[in-house]
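Read through the structure below, which is laid out as structure tokens, and then see the notes.
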Amino acid sequence: MTHEHPAGTVDLLAVLGPVVGLVALAAYALAVVASRRRGRSWPLSRSLAWTAGCLTATAAVSGPLATASTMSWTAHMAGHLLLGMLGPLLLVLGGPVTLALRALPVTGARRLSRVLRSRPLRVLTEPSVAAVLDVGGLWLLYATPLLALAHAHPGVGLLVHAHVLLAGHLFSAVMVGRDPLPHRRGTRHLLVVLVLALAAHDVLAKRLYAYGYAPMSMADLPQGAQLMYYGGDAVDLLLAVLVCLRWYRAGGRSGQRQLHLERPRPGPQGVLG
Amino acid sequence: MTARPSGQAGRSTASGGLAGLGLVAFVDETVFHQLLHWHHFYDRSTADAGLVSDGIFHAFGFVAVVTGLFLLADLRRRRTLVVGRWVGGVLLGAGAFQLYDGLVQHKVFGLHQIRYGVDLVAYDVTWNVLAAVLLLAGAVVTLRARPAAVTA
């Protein structure tokens with residue numbers, strides 16, 4: 001920790017970010033083609049969501065925003081919102097697991113669905129576990145010197161960014177994902193976890209605003225903390241709407257379908273979602 | 001017993017209550033924080049417990065208004081909405097949040113004041129009297145919309 005080379009962190013991520021983004025885009029495109037070959041079409045909206053998610057997440061770690069984020073809290077928090085919240089939400093809406101299950105050969109698809117039912121994934125997709133990994137990771141980042149460490153050491157920076165993206169993806173998938181999960185909690189359970197996660201995020205933002213971040217001094221901390229606070233609200237509002245929308249579409253309270261009140265829905269319903 | 005079970009009226013109250021609670025949280029945020037700039041995002045006297053209370057209520061408000069409105073849509077779809085109960089619920093929820101904000105958050109936790117650089121008493125009294133009026137109006141509307149079945 002005696003010598004700092006913040007430029008190294010940015011360079012490593014700035015190169016790896018677009019590479020990972022491109023690989024993710026290419027793999028998705030190949031899977032869509034494979035799925036089509038099997039005679040199953042794939043909705044364009046999901047492809048667009050995945051593409052937007054890849055671009056959003058890449059923009060957070062590479063390019064002008066990433067460069068600015070070493071000198072500005074506002075840019076840093078904008079990147080945090082893109083990489084950890086908005087990007088993952090878009091990626092999840094792309095339904096990558098469902099696509100993989102359709103595109104893979106039978107043995108591969110079986111293996112993947114075995115992984116999906118495995119014990120570790122059962123634990124990870126428990127909403128409260130996903131929330132702790134996601135927001136708990138942020139507390140570790142902003143309430144300890146970890147962030148300064150990540151800026152000083154490229155390897156740590158890489159791990160931190162990967163964790164923020166993956167934990168954000170996991171949380172979004174558990175909340176509003178269309179992909180199959182080992183088990184999905186009820187709407188009320190999801191909303192309670194969402195409120196607590198958002199509250200923990202808000203408290204962290206205000207705490208940052210109030211006490212600052214001693215290991216790194218950048219002048220615009222108040223603006224950055226407020227962006228974190230209100231930006232988090234915006235994405236969580238979206239999550240709450242999507243959680244409730246799923247409940248409403250499934251027939252609302254008690255889950256019973258009152259057919260004479262239901263309007264026919266266009267298109268087939270996702271069986272796996 | 002009438003055709004309208006009292007459980008449905010309870011759902012109308014709950015839906016309105018959530019929407020009202022969220023609505024006040026939203027008005028508080030836009031009007032007093034963003035437009036008037038009376039409230040402060042954070043002031044130096046705020047204790048940690050206040051930050052936690054603020055965070056939970058802020059987050060709850062957001063999710064409550066969304067949930068309340070989706071419940072409303074569901075009640076309407078099923079044609080089981082008791083309008084009076086819903087309106088009463090909105091007033092009750094709004095009053096409850098206003099009172100909690102005015103007494104617990106502003107006073108007990110000292111989480112920002114209504115306005116700075118002025119004598120607070122008039123503002124505090126107005127704030128909390130308004131909360132009481134909302135609660136009272138909510139109670140009256142709710143009781144008047146009570147389903148006939150309960151008296152049987």
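All residue names refer to the structure tokens as shown: chains lettered A, B, ... in order, residues numbered from 1 in each chain, ligands numbered from 1 in order.
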Write down, as a ChimeraX atom specification, each residue of chain B that has any atom within 8 Å of an atom of chain A, counting only C-alpha atoms. /B:41-42,44,51-52,54-60,62-63,66-67,70-71,74,77-78
Prev. selection, C-alpha atoms, output as a PDB file, in the first residue's frame:
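The resulting file, again07.pdb, is shown below:
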ATOM      1  CA  PHE B  41     -30.612  16.023   2.842  1.00  0.00           C
ATOM      2  CA  TYR B  42     -28.664  15.664   6.062  1.00  0.00           C
ATOM      3  CA  ARG B  44     -25.156  17.791  11.391  1.00  0.00           C
ATOM      4  CA  LEU B  51     -30.424   7.746   9.438  1.00  0.00           C
ATOM      5  CA  VAL B  52     -31.689   4.176   9.723  1.00  0.00           C
ATOM      6  CA  ASP B  54     -35.111   7.713   7.472  1.00  0.00           C
ATOM      7  CA  GLY B  55     -33.653   5.068   5.160  1.00  0.00           C
ATOM      8  CA  ILE B  56     -36.312   2.483   6.004  1.00  0.00           C
ATOM      9  CA  PHE B  57     -39.203   4.924   5.677  1.00  0.00           C
ATOM     10  CA  HIS B  58     -37.880   6.426   2.481  1.00  0.00           C
ATOM     11  CA  ALA B  59     -37.461   2.965   0.933  1.00  0.00           C
ATOM     12  CA  PHE B  60     -40.798   1.788   2.317  1.00  0.00           C
ATOM     13  CA  PHE B  62     -41.359   4.133  -2.606  1.00  0.00           C
ATOM     14  CA  VAL B  63     -42.355   0.484  -2.578  1.00  0.00           C
ATOM     15  CA  VAL B  66     -46.261   1.023  -6.121  1.00  0.00           C
ATOM     16  CA  THR B  67     -47.750  -1.879  -4.134  1.00  0.00           C
ATOM     17  CA  PHE B  70     -51.168  -2.445  -8.021  1.00  0.00           C
ATOM     18  CA  LEU B  71     -53.494  -3.690  -5.239  1.00  0.00           C
ATOM     19  CA  ASP B  74     -56.354  -5.814  -8.746  1.00  0.00           C
ATOM     20  CA  ARG B  77     -60.245  -5.840 -11.895  1.00  0.00           C
ATOM     21  CA  ARG B  78     -62.143  -8.089  -9.478  1.00  0.00           C
TER      22      ARG B  78
END
List the neighbours of segment 40-47 of chain A out to 10 Å using only C-alpha atoms; skip same-chain residues closer than 3 positions along the sequence, and give me the result as an NGL selection string. :A and (25 or 28-29 or 31-37 or 50-53 or 90-96 or 99 or 102-103)
Using the selection just defined, write its residues with N, CA and C atoms as a PDB file, in the first residue's frame.
ATOM      1  N   LEU A  25     -21.794 -10.408 -25.670  1.00  0.00           N
ATOM      2  CA  LEU A  25     -22.682 -10.108 -26.796  1.00  0.00           C
ATOM      3  C   LEU A  25     -22.622 -11.210 -27.851  1.00  0.00           C
ATOM      4  N   TYR A  28     -24.279 -14.462 -26.720  1.00  0.00           N
ATOM      5  CA  TYR A  28     -25.745 -14.325 -26.747  1.00  0.00           C
ATOM      6  C   TYR A  28     -26.260 -14.440 -28.177  1.00  0.00           C
ATOM      7  N   ALA A  29     -25.566 -13.729 -29.109  1.00  0.00           N
ATOM      8  CA  ALA A  29     -25.994 -13.752 -30.516  1.00  0.00           C
ATOM      9  C   ALA A  29     -25.931 -15.179 -31.067  1.00  0.00           C
ATOM     10  N   ALA A  31     -26.176 -17.916 -29.381  1.00  0.00           N
ATOM     11  CA  ALA A  31     -27.236 -18.705 -28.748  1.00  0.00           C
ATOM     12  C   ALA A  31     -28.581 -18.414 -29.401  1.00  0.00           C
ATOM     13  N   VAL A  32     -28.824 -17.143 -29.769  1.00  0.00           N
ATOM     14  CA  VAL A  32     -30.083 -16.805 -30.435  1.00  0.00           C
ATOM     15  C   VAL A  32     -30.169 -17.537 -31.773  1.00  0.00           C
ATOM     16  N   VAL A  33     -29.038 -17.556 -32.496  1.00  0.00           N
ATOM     17  CA  VAL A  33     -29.007 -18.261 -33.795  1.00  0.00           C
ATOM     18  C   VAL A  33     -29.272 -19.753 -33.585  1.00  0.00           C
ATOM     19  N   ALA A  34     -28.618 -20.346 -32.583  1.00  0.00           N
ATOM     20  CA  ALA A  34     -28.801 -21.775 -32.305  1.00  0.00           C
ATOM     21  C   ALA A  34     -30.253 -22.073 -31.938  1.00  0.00           C
ATOM     22  N   SER A  35     -30.861 -21.195 -31.144  1.00  0.00           N
ATOM     23  CA  SER A  35     -32.250 -21.389 -30.738  1.00  0.00           C
ATOM     24  C   SER A  35     -33.186 -21.315 -31.942  1.00  0.00           C
ATOM     25  N   ARG A  36     -32.891 -20.358 -32.847  1.00  0.00           N
ATOM     26  CA  ARG A  36     -33.700 -20.230 -34.076  1.00  0.00           C
ATOM     27  C   ARG A  36     -33.610 -21.500 -34.912  1.00  0.00           C
ATOM     28  N   ARG A  37     -32.375 -22.047 -34.991  1.00  0.00           N
ATOM     29  CA  ARG A  37     -32.182 -23.253 -35.805  1.00  0.00           C
ATOM     30  C   ARG A  37     -33.040 -24.395 -35.306  1.00  0.00           C
ATOM     31  N   TRP A  50     -30.425  -7.314 -23.410  1.00  0.00           N
ATOM     32  CA  TRP A  50     -29.087  -7.859 -23.159  1.00  0.00           C
ATOM     33  C   TRP A  50     -28.007  -6.935 -23.750  1.00  0.00           C
ATOM     34  N   THR A  51     -28.245  -6.473 -24.993  1.00  0.00           N
ATOM     35  CA  THR A  51     -27.285  -5.576 -25.640  1.00  0.00           C
ATOM     36  C   THR A  51     -27.121  -4.294 -24.825  1.00  0.00           C
ATOM     37  N   ALA A  52     -28.237  -3.712 -24.417  1.00  0.00           N
ATOM     38  CA  ALA A  52     -28.182  -2.480 -23.615  1.00  0.00           C
ATOM     39  C   ALA A  52     -27.443  -2.735 -22.303  1.00  0.00           C
ATOM     40  N   GLY A  53     -27.678  -3.910 -21.708  1.00  0.00           N
ATOM     41  CA  GLY A  53     -27.005  -4.247 -20.454  1.00  0.00           C
ATOM     42  C   GLY A  53     -25.501  -4.350 -20.632  1.00  0.00           C
ATOM     43  N   LEU A  90     -30.861  -4.800 -16.805  1.00  0.00           N
ATOM     44  CA  LEU A  90     -31.043  -4.995 -18.247  1.00  0.00           C
ATOM     45  C   LEU A  90     -30.574  -6.390 -18.673  1.00  0.00           C
ATOM     46  N   LEU A  91     -29.436  -6.822 -18.127  1.00  0.00           N
ATOM     47  CA  LEU A  91     -28.915  -8.151 -18.469  1.00  0.00           C
ATOM     48  C   LEU A  91     -29.912  -9.235 -18.075  1.00  0.00           C
ATOM     49  N   VAL A  92     -30.474  -9.101 -16.873  1.00  0.00           N
ATOM     50  CA  VAL A  92     -31.435 -10.089 -16.377  1.00  0.00           C
ATOM     51  C   VAL A  92     -32.673 -10.124 -17.264  1.00  0.00           C
ATOM     52  N   LEU A  93     -33.119  -8.943 -17.727  1.00  0.00           N
ATOM     53  CA  LEU A  93     -34.291  -8.890 -18.599  1.00  0.00           C
ATOM     54  C   LEU A  93     -34.008  -9.561 -19.951  1.00  0.00           C
ATOM     55  N   GLY A  94     -32.715  -9.738 -20.256  1.00  0.00           N
ATOM     56  CA  GLY A  94     -32.342 -10.456 -21.477  1.00  0.00           C
ATOM     57  C   GLY A  94     -32.553 -11.961 -21.359  1.00  0.00           C
ATOM     58  N   GLY A  95     -32.838 -12.450 -20.137  1.00  0.00           N
ATOM     59  CA  GLY A  95     -33.129 -13.880 -19.938  1.00  0.00           C
ATOM     60  C   GLY A  95     -32.031 -14.817 -20.410  1.00  0.00           C
ATOM     61  N   PRO A  96     -30.767 -14.589 -20.015  1.00  0.00           N
ATOM     62  CA  PRO A  96     -29.659 -15.384 -20.562  1.00  0.00           C
ATOM     63  C   PRO A  96     -29.744 -16.885 -20.245  1.00  0.00           C
ATOM     64  N   LEU A  99     -32.279 -18.594 -22.474  1.00  0.00           N
ATOM     65  CA  LEU A  99     -31.725 -18.696 -23.822  1.00  0.00           C
ATOM     66  C   LEU A  99     -30.706 -19.833 -23.902  1.00  0.00           C
ATOM     67  N   ARG A 102     -32.260 -23.177 -24.129  1.00  0.00           N
ATOM     68  CA  ARG A 102     -32.830 -23.463 -25.448  1.00  0.00           C
ATOM     69  C   ARG A 102     -31.742 -23.745 -26.477  1.00  0.00           C
ATOM     70  N   ALA A 103     -30.597 -23.059 -26.316  1.00  0.00           N
ATOM     71  CA  ALA A 103     -29.565 -23.131 -27.358  1.00  0.00           C
ATOM     72  C   ALA A 103     -28.654 -24.339 -27.189  1.00  0.00           C
TER      73      ALA A 103
END
Length of the atom CA of Tyr213 of chain A to atom CA of Ala148 of chain A vector [Å]: 9.3 Å
How many Å separate atom CA of Ala130 of chain A from atom CA of Phe171 of chain A?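 According to the coordinates, atom CA of Ala130 of chain A and atom CA of Phe171 of chain A are separated by 5.1 Å.
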Where in segment 48-240 of chain A does DSSP assign alpha helix (DSSP H), given as a PDB file with C-alpha atoms, in the first residue's frame?
ATOM      1  CA  LEU A  48     -32.166  -5.535 -27.011  1.00  0.00           C
ATOM      2  CA  ALA A  49     -32.202  -5.669 -23.201  1.00  0.00           C
ATOM      3  CA  TRP A  50     -29.087  -7.859 -23.159  1.00  0.00           C
ATOM      4  CA  THR A  51     -27.285  -5.576 -25.640  1.00  0.00           C
ATOM      5  CA  ALA A  52     -28.182  -2.480 -23.615  1.00  0.00           C
ATOM      6  CA  GLY A  53     -27.005  -4.247 -20.454  1.00  0.00           C
ATOM      7  CA  CYS A  54     -23.630  -5.124 -21.984  1.00  0.00           C
ATOM      8  CA  LEU A  55     -23.136  -1.540 -23.199  1.00  0.00           C
ATOM      9  CA  THR A  56     -24.221  -0.087 -19.852  1.00  0.00           C
ATOM     10  CA  ALA A  57     -21.904  -2.281 -17.808  1.00  0.00           C
ATOM     11  CA  THR A  58     -18.991  -1.710 -20.193  1.00  0.00           C
ATOM     12  CA  ALA A  59     -19.487   2.065 -20.123  1.00  0.00           C
ATOM     13  CA  ALA A  60     -19.049   1.920 -16.355  1.00  0.00           C
ATOM     14  CA  VAL A  61     -15.567   0.371 -16.477  1.00  0.00           C
ATOM     15  CA  PRO A  64     -14.599   8.617 -20.301  1.00  0.00           C
ATOM     16  CA  LEU A  65     -16.840   7.825 -17.319  1.00  0.00           C
ATOM     17  CA  ALA A  66     -14.378   5.274 -15.928  1.00  0.00           C
ATOM     18  CA  THR A  67     -11.488   7.693 -16.376  1.00  0.00           C
ATOM     19  CA  ALA A  68     -13.373  10.463 -14.609  1.00  0.00           C
ATOM     20  CA  TRP A  73     -17.363  10.934  -6.766  1.00  0.00           C
ATOM     21  CA  THR A  74     -20.203  11.893  -9.093  1.00  0.00           C
ATOM     22  CA  ALA A  75     -18.636   9.971 -11.980  1.00  0.00           C
ATOM     23  CA  HIS A  76     -17.779   7.111  -9.607  1.00  0.00           C
ATOM     24  CA  MET A  77     -21.392   6.845  -8.395  1.00  0.00           C
ATOM     25  CA  ALA A  78     -22.756   7.094 -11.928  1.00  0.00           C
ATOM     26  CA  GLY A  79     -20.497   4.156 -12.765  1.00  0.00           C
ATOM     27  CA  HIS A  80     -21.670   2.317  -9.628  1.00  0.00           C
ATOM     28  CA  LEU A  81     -25.318   2.726 -10.672  1.00  0.00           C
ATOM     29  CA  GLY A  87     -26.692  -2.844 -16.183  1.00  0.00           C
ATOM     30  CA  PRO A  88     -27.550  -6.030 -14.237  1.00  0.00           C
ATOM     31  CA  LEU A  89     -31.281  -5.274 -14.442  1.00  0.00           C
ATOM     32  CA  LEU A  90     -31.043  -4.995 -18.247  1.00  0.00           C
ATOM     33  CA  LEU A  91     -28.915  -8.151 -18.469  1.00  0.00           C
ATOM     34  CA  VAL A  92     -31.435 -10.089 -16.377  1.00  0.00           C
ATOM     35  CA  LEU A  93     -34.291  -8.890 -18.599  1.00  0.00           C
ATOM     36  CA  PRO A  96     -29.659 -15.384 -20.562  1.00  0.00           C
ATOM     37  CA  VAL A  97     -30.266 -18.670 -18.704  1.00  0.00           C
ATOM     38  CA  THR A  98     -33.498 -19.414 -20.555  1.00  0.00           C
ATOM     39  CA  LEU A  99     -31.725 -18.696 -23.822  1.00  0.00           C
ATOM     40  CA  ALA A 100     -28.834 -20.975 -22.877  1.00  0.00           C
ATOM     41  CA  LEU A 101     -31.250 -23.799 -22.011  1.00  0.00           C
ATOM     42  CA  ARG A 102     -32.830 -23.463 -25.448  1.00  0.00           C
ATOM     43  CA  ALA A 103     -29.565 -23.131 -27.358  1.00  0.00           C
ATOM     44  CA  VAL A 106     -29.598 -31.749 -24.652  1.00  0.00           C
ATOM     45  CA  THR A 107     -26.749 -32.973 -22.461  1.00  0.00           C
ATOM     46  CA  GLY A 108     -25.494 -29.430 -21.932  1.00  0.00           C
ATOM     47  CA  ALA A 109     -28.987 -28.164 -21.102  1.00  0.00           C
ATOM     48  CA  ARG A 110     -29.443 -31.021 -18.613  1.00  0.00           C
ATOM     49  CA  ARG A 111     -26.157 -30.193 -16.966  1.00  0.00           C
ATOM     50  CA  LEU A 112     -27.121 -26.523 -16.720  1.00  0.00           C
ATOM     51  CA  SER A 113     -30.507 -27.287 -15.194  1.00  0.00           C
ATOM     52  CA  ARG A 114     -28.767 -29.587 -12.674  1.00  0.00           C
ATOM     53  CA  VAL A 115     -26.543 -26.673 -11.715  1.00  0.00           C
ATOM     54  CA  LEU A 116     -29.642 -24.487 -11.388  1.00  0.00           C
ATOM     55  CA  ARG A 117     -31.114 -26.948  -8.888  1.00  0.00           C
ATOM     56  CA  ARG A 119     -27.583 -26.551  -3.290  1.00  0.00           C
ATOM     57  CA  PRO A 120     -25.182 -23.590  -3.678  1.00  0.00           C
ATOM     58  CA  LEU A 121     -27.515 -21.946  -6.185  1.00  0.00           C
ATOM     59  CA  ARG A 122     -30.468 -22.683  -3.942  1.00  0.00           C
ATOM     60  CA  VAL A 123     -28.733 -20.719  -1.190  1.00  0.00           C
ATOM     61  CA  LEU A 124     -27.510 -17.922  -3.467  1.00  0.00           C
ATOM     62  CA  PRO A 127     -33.569 -13.173  -1.809  1.00  0.00           C
ATOM     63  CA  SER A 128     -32.075 -12.149   1.534  1.00  0.00           C
ATOM     64  CA  VAL A 129     -28.756 -13.846   0.693  1.00  0.00           C
ATOM     65  CA  ALA A 130     -28.632 -12.068  -2.686  1.00  0.00           C
ATOM     66  CA  ALA A 131     -29.467  -8.761  -0.989  1.00  0.00           C
ATOM     67  CA  GLY A 137     -20.663  -5.721  -0.557  1.00  0.00           C
ATOM     68  CA  LEU A 138     -21.289  -1.993  -0.983  1.00  0.00           C
ATOM     69  CA  TRP A 139     -21.065  -1.436   2.768  1.00  0.00           C
ATOM     70  CA  LEU A 140     -17.743  -3.247   2.739  1.00  0.00           C
ATOM     71  CA  LEU A 141     -16.629  -1.004  -0.110  1.00  0.00           C
ATOM     72  CA  TYR A 142     -17.705   2.402   1.193  1.00  0.00           C
ATOM     73  CA  ALA A 143     -17.577   1.914   4.961  1.00  0.00           C
ATOM     74  CA  LEU A 146     -11.589  -1.332   0.564  1.00  0.00           C
ATOM     75  CA  LEU A 147     -12.456   1.246  -2.102  1.00  0.00           C
ATOM     76  CA  ALA A 148      -9.103   3.007  -1.705  1.00  0.00           C
ATOM     77  CA  LEU A 149      -7.423  -0.401  -1.856  1.00  0.00           C
ATOM     78  CA  ALA A 150      -9.286  -1.222  -5.056  1.00  0.00           C
ATOM     79  CA  HIS A 151      -8.117   2.049  -6.582  1.00  0.00           C
ATOM     80  CA  ALA A 152      -4.522   1.364  -5.617  1.00  0.00           C
ATOM     81  CA  PRO A 154      -5.538  -3.370 -10.108  1.00  0.00           C
ATOM     82  CA  GLY A 155      -6.245  -6.941  -8.983  1.00  0.00           C
ATOM     83  CA  VAL A 156      -8.396  -5.849  -6.060  1.00  0.00           C
ATOM     84  CA  GLY A 157     -10.138  -3.335  -8.320  1.00  0.00           C
ATOM     85  CA  LEU A 158     -10.951  -6.064 -10.803  1.00  0.00           C
ATOM     86  CA  LEU A 159     -12.403  -8.340  -8.118  1.00  0.00           C
ATOM     87  CA  VAL A 160     -14.478  -5.511  -6.654  1.00  0.00           C
ATOM     88  CA  HIS A 161     -15.934  -4.584 -10.043  1.00  0.00           C
ATOM     89  CA  ALA A 162     -16.685  -8.229 -10.846  1.00  0.00           C
ATOM     90  CA  HIS A 163     -18.423  -8.650  -7.487  1.00  0.00           C
ATOM     91  CA  VAL A 164     -20.529  -5.505  -7.949  1.00  0.00           C
ATOM     92  CA  LEU A 165     -21.704  -6.693 -11.379  1.00  0.00           C
ATOM     93  CA  LEU A 166     -22.351 -10.318 -10.362  1.00  0.00           C
ATOM     94  CA  ALA A 167     -24.071  -9.492  -7.070  1.00  0.00           C
ATOM     95  CA  GLY A 168     -26.213  -6.891  -8.825  1.00  0.00           C
ATOM     96  CA  HIS A 169     -27.118  -9.472 -11.460  1.00  0.00           C
ATOM     97  CA  LEU A 170     -27.992 -12.069  -8.828  1.00  0.00           C
ATOM     98  CA  PHE A 171     -30.204  -9.620  -6.917  1.00  0.00           C
ATOM     99  CA  SER A 172     -32.048  -8.485 -10.074  1.00  0.00           C
ATOM    100  CA  ALA A 173     -32.469 -12.101 -11.222  1.00  0.00           C
ATOM    101  CA  VAL A 174     -33.997 -13.118  -7.890  1.00  0.00           C
ATOM    102  CA  MET A 175     -36.290 -10.078  -7.826  1.00  0.00           C
ATOM    103  CA  VAL A 176     -37.547  -9.729 -11.376  1.00  0.00           C
ATOM    104  CA  THR A 187     -44.310 -11.335  -3.844  1.00  0.00           C
ATOM    105  CA  ARG A 188     -44.624 -10.114  -0.250  1.00  0.00           C
ATOM    106  CA  HIS A 189     -41.316 -11.714   0.690  1.00  0.00           C
ATOM    107  CA  LEU A 190     -39.606 -10.111  -2.316  1.00  0.00           C
ATOM    108  CA  LEU A 191     -41.025  -6.664  -1.535  1.00  0.00           C
ATOM    109  CA  VAL A 192     -39.914  -6.813   2.109  1.00  0.00           C
ATOM    110  CA  VAL A 193     -36.370  -7.764   1.061  1.00  0.00           C
ATOM    111  CA  LEU A 194     -36.423  -5.008  -1.575  1.00  0.00           C
ATOM    112  CA  VAL A 195     -37.424  -2.393   1.005  1.00  0.00           C
ATOM    113  CA  LEU A 196     -34.686  -3.502   3.405  1.00  0.00           C
ATOM    114  CA  ALA A 197     -32.055  -3.604   0.655  1.00  0.00           C
ATOM    115  CA  LEU A 198     -33.022  -0.156  -0.595  1.00  0.00           C
ATOM    116  CA  ALA A 199     -33.024   1.157   2.971  1.00  0.00           C
ATOM    117  CA  ALA A 200     -29.512  -0.206   3.545  1.00  0.00           C
ATOM    118  CA  HIS A 201     -28.423   1.411   0.279  1.00  0.00           C
ATOM    119  CA  ASP A 202     -29.983   4.763   1.287  1.00  0.00           C
ATOM    120  CA  VAL A 203     -28.458   4.683   4.765  1.00  0.00           C
ATOM    121  CA  LEU A 204     -25.040   3.956   3.248  1.00  0.00           C
ATOM    122  CA  ALA A 205     -25.407   6.903   0.838  1.00  0.00           C
ATOM    123  CA  LYS A 206     -26.405   9.290   3.638  1.00  0.00           C
ATOM    124  CA  ARG A 207     -23.660   7.965   5.878  1.00  0.00           C
ATOM    125  CA  LEU A 208     -21.164   8.642   3.107  1.00  0.00           C
ATOM    126  CA  TYR A 209     -22.586  12.140   2.746  1.00  0.00           C
ATOM    127  CA  ALA A 210     -22.414  12.726   6.495  1.00  0.00           C
ATOM    128  CA  TYR A 211     -19.033  11.247   7.405  1.00  0.00           C
ATOM    129  CA  LEU A 221     -18.538  13.745  -2.306  1.00  0.00           C
ATOM    130  CA  PRO A 222     -21.903  15.365  -1.354  1.00  0.00           C
ATOM    131  CA  GLN A 223     -23.043  15.341  -4.990  1.00  0.00           C
ATOM    132  CA  GLY A 224     -21.805  11.780  -5.452  1.00  0.00           C
ATOM    133  CA  ALA A 225     -23.622  10.549  -2.338  1.00  0.00           C
ATOM    134  CA  GLN A 226     -26.863  12.215  -3.421  1.00  0.00           C
ATOM    135  CA  LEU A 227     -26.567  10.653  -6.879  1.00  0.00           C
ATOM    136  CA  MET A 228     -26.137   7.269  -5.183  1.00  0.00           C
ATOM    137  CA  TYR A 229     -29.216   7.931  -3.022  1.00  0.00           C
ATOM    138  CA  TYR A 230     -31.612   9.129  -5.719  1.00  0.00           C
ATOM    139  CA  GLY A 231     -30.216   6.947  -8.502  1.00  0.00           C
ATOM    140  CA  GLY A 232     -30.705   3.905  -6.257  1.00  0.00           C
ATOM    141  CA  ASP A 233     -34.296   5.030  -5.657  1.00  0.00           C
ATOM    142  CA  ALA A 234     -34.949   5.233  -9.389  1.00  0.00           C
ATOM    143  CA  VAL A 235     -33.675   1.732 -10.131  1.00  0.00           C
ATOM    144  CA  ASP A 236     -35.463   0.265  -7.123  1.00  0.00           C
ATOM    145  CA  LEU A 237     -38.708   1.943  -8.166  1.00  0.00           C
ATOM    146  CA  LEU A 238     -38.318   0.072 -11.444  1.00  0.00           C
ATOM    147  CA  LEU A 239     -37.676  -3.180  -9.542  1.00  0.00           C
ATOM    148  CA  ALA A 240     -40.776  -2.654  -7.371  1.00  0.00           C
TER     149      ALA A 240
END
Gap from atom CA of Ser62 of chain A to atom CA of Arg178 of chain A - Å, one decimal: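 Interatomic distance, atom CA of Ser62 of chain A to atom CA of Arg178 of chain A: 28.5 Å.
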For each of B:Val27, B:Ala96, B:Ala73, B:Leu81, take the minimum atom-to-atom distance to Val133 of chain B, counting only C-alpha atoms, then give the residue where this is smallest.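 Closest to Val133 of chain B of all the choices is B:Ala96.
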Residues at most 9 Å from segment 136-138 of chain B, counting only C-alpha atoms, excluding those fewer than 4 positions away in the same chain, as a list in words?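 Here the answer would be Arg85, Val87, Gly88, Gly89, Val90, Leu91, Leu92, Gly93, Ala94, Gly95, Ala131, Ala132, Thr142 and Leu143 of chain B.
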Take the residues from that selection and put them in a file with N, CA and C atoms, as a short mmCIF file (atom, residue, chain, number, x, y, z; two decimals), in the first residue's frame.
data_model
loop_
_atom_site.label_atom_id
_atom_site.label_comp_id
_atom_site.auth_asym_id
_atom_site.auth_seq_id
_atom_site.Cartn_x
_atom_site.Cartn_y
_atom_site.Cartn_z
N ARG B 85 -63.63 2.99 1.54
CA ARG B 85 -62.57 2.38 2.34
C ARG B 85 -61.19 2.74 1.79
N VAL B 87 -60.39 5.47 -0.04
CA VAL B 87 -60.10 6.89 0.23
C VAL B 87 -59.74 7.06 1.70
N GLY B 88 -60.51 6.39 2.57
CA GLY B 88 -60.20 6.46 4.00
C GLY B 88 -58.80 5.94 4.28
N GLY B 89 -58.45 4.87 3.59
CA GLY B 89 -57.12 4.29 3.75
C GLY B 89 -56.02 5.25 3.34
N VAL B 90 -56.23 5.96 2.23
CA VAL B 90 -55.25 6.94 1.77
C VAL B 90 -55.03 8.00 2.85
N LEU B 91 -56.16 8.52 3.41
CA LEU B 91 -56.05 9.57 4.43
C LEU B 91 -55.35 9.04 5.69
N LEU B 92 -55.72 7.81 6.09
CA LEU B 92 -55.10 7.22 7.29
C LEU B 92 -53.60 7.02 7.08
N GLY B 93 -53.25 6.48 5.93
CA GLY B 93 -51.83 6.24 5.64
C GLY B 93 -51.05 7.54 5.60
N ALA B 94 -51.65 8.55 4.94
CA ALA B 94 -51.00 9.85 4.83
C ALA B 94 -50.82 10.48 6.21
N GLY B 95 -51.88 10.42 7.01
CA GLY B 95 -51.80 11.01 8.35
C GLY B 95 -50.79 10.29 9.23
N ALA B 131 -51.39 16.37 10.32
CA ALA B 131 -51.35 14.92 10.43
C ALA B 131 -52.59 14.41 11.17
N ALA B 132 -52.94 15.09 12.28
CA ALA B 132 -54.10 14.67 13.08
C ALA B 132 -55.38 14.83 12.27
N THR B 142 -63.55 6.13 6.65
CA THR B 142 -63.52 4.67 6.75
C THR B 142 -64.75 4.13 7.46
N LEU B 143 -65.13 4.76 8.58
CA LEU B 143 -66.27 4.28 9.36
C LEU B 143 -67.58 4.44 8.60
#
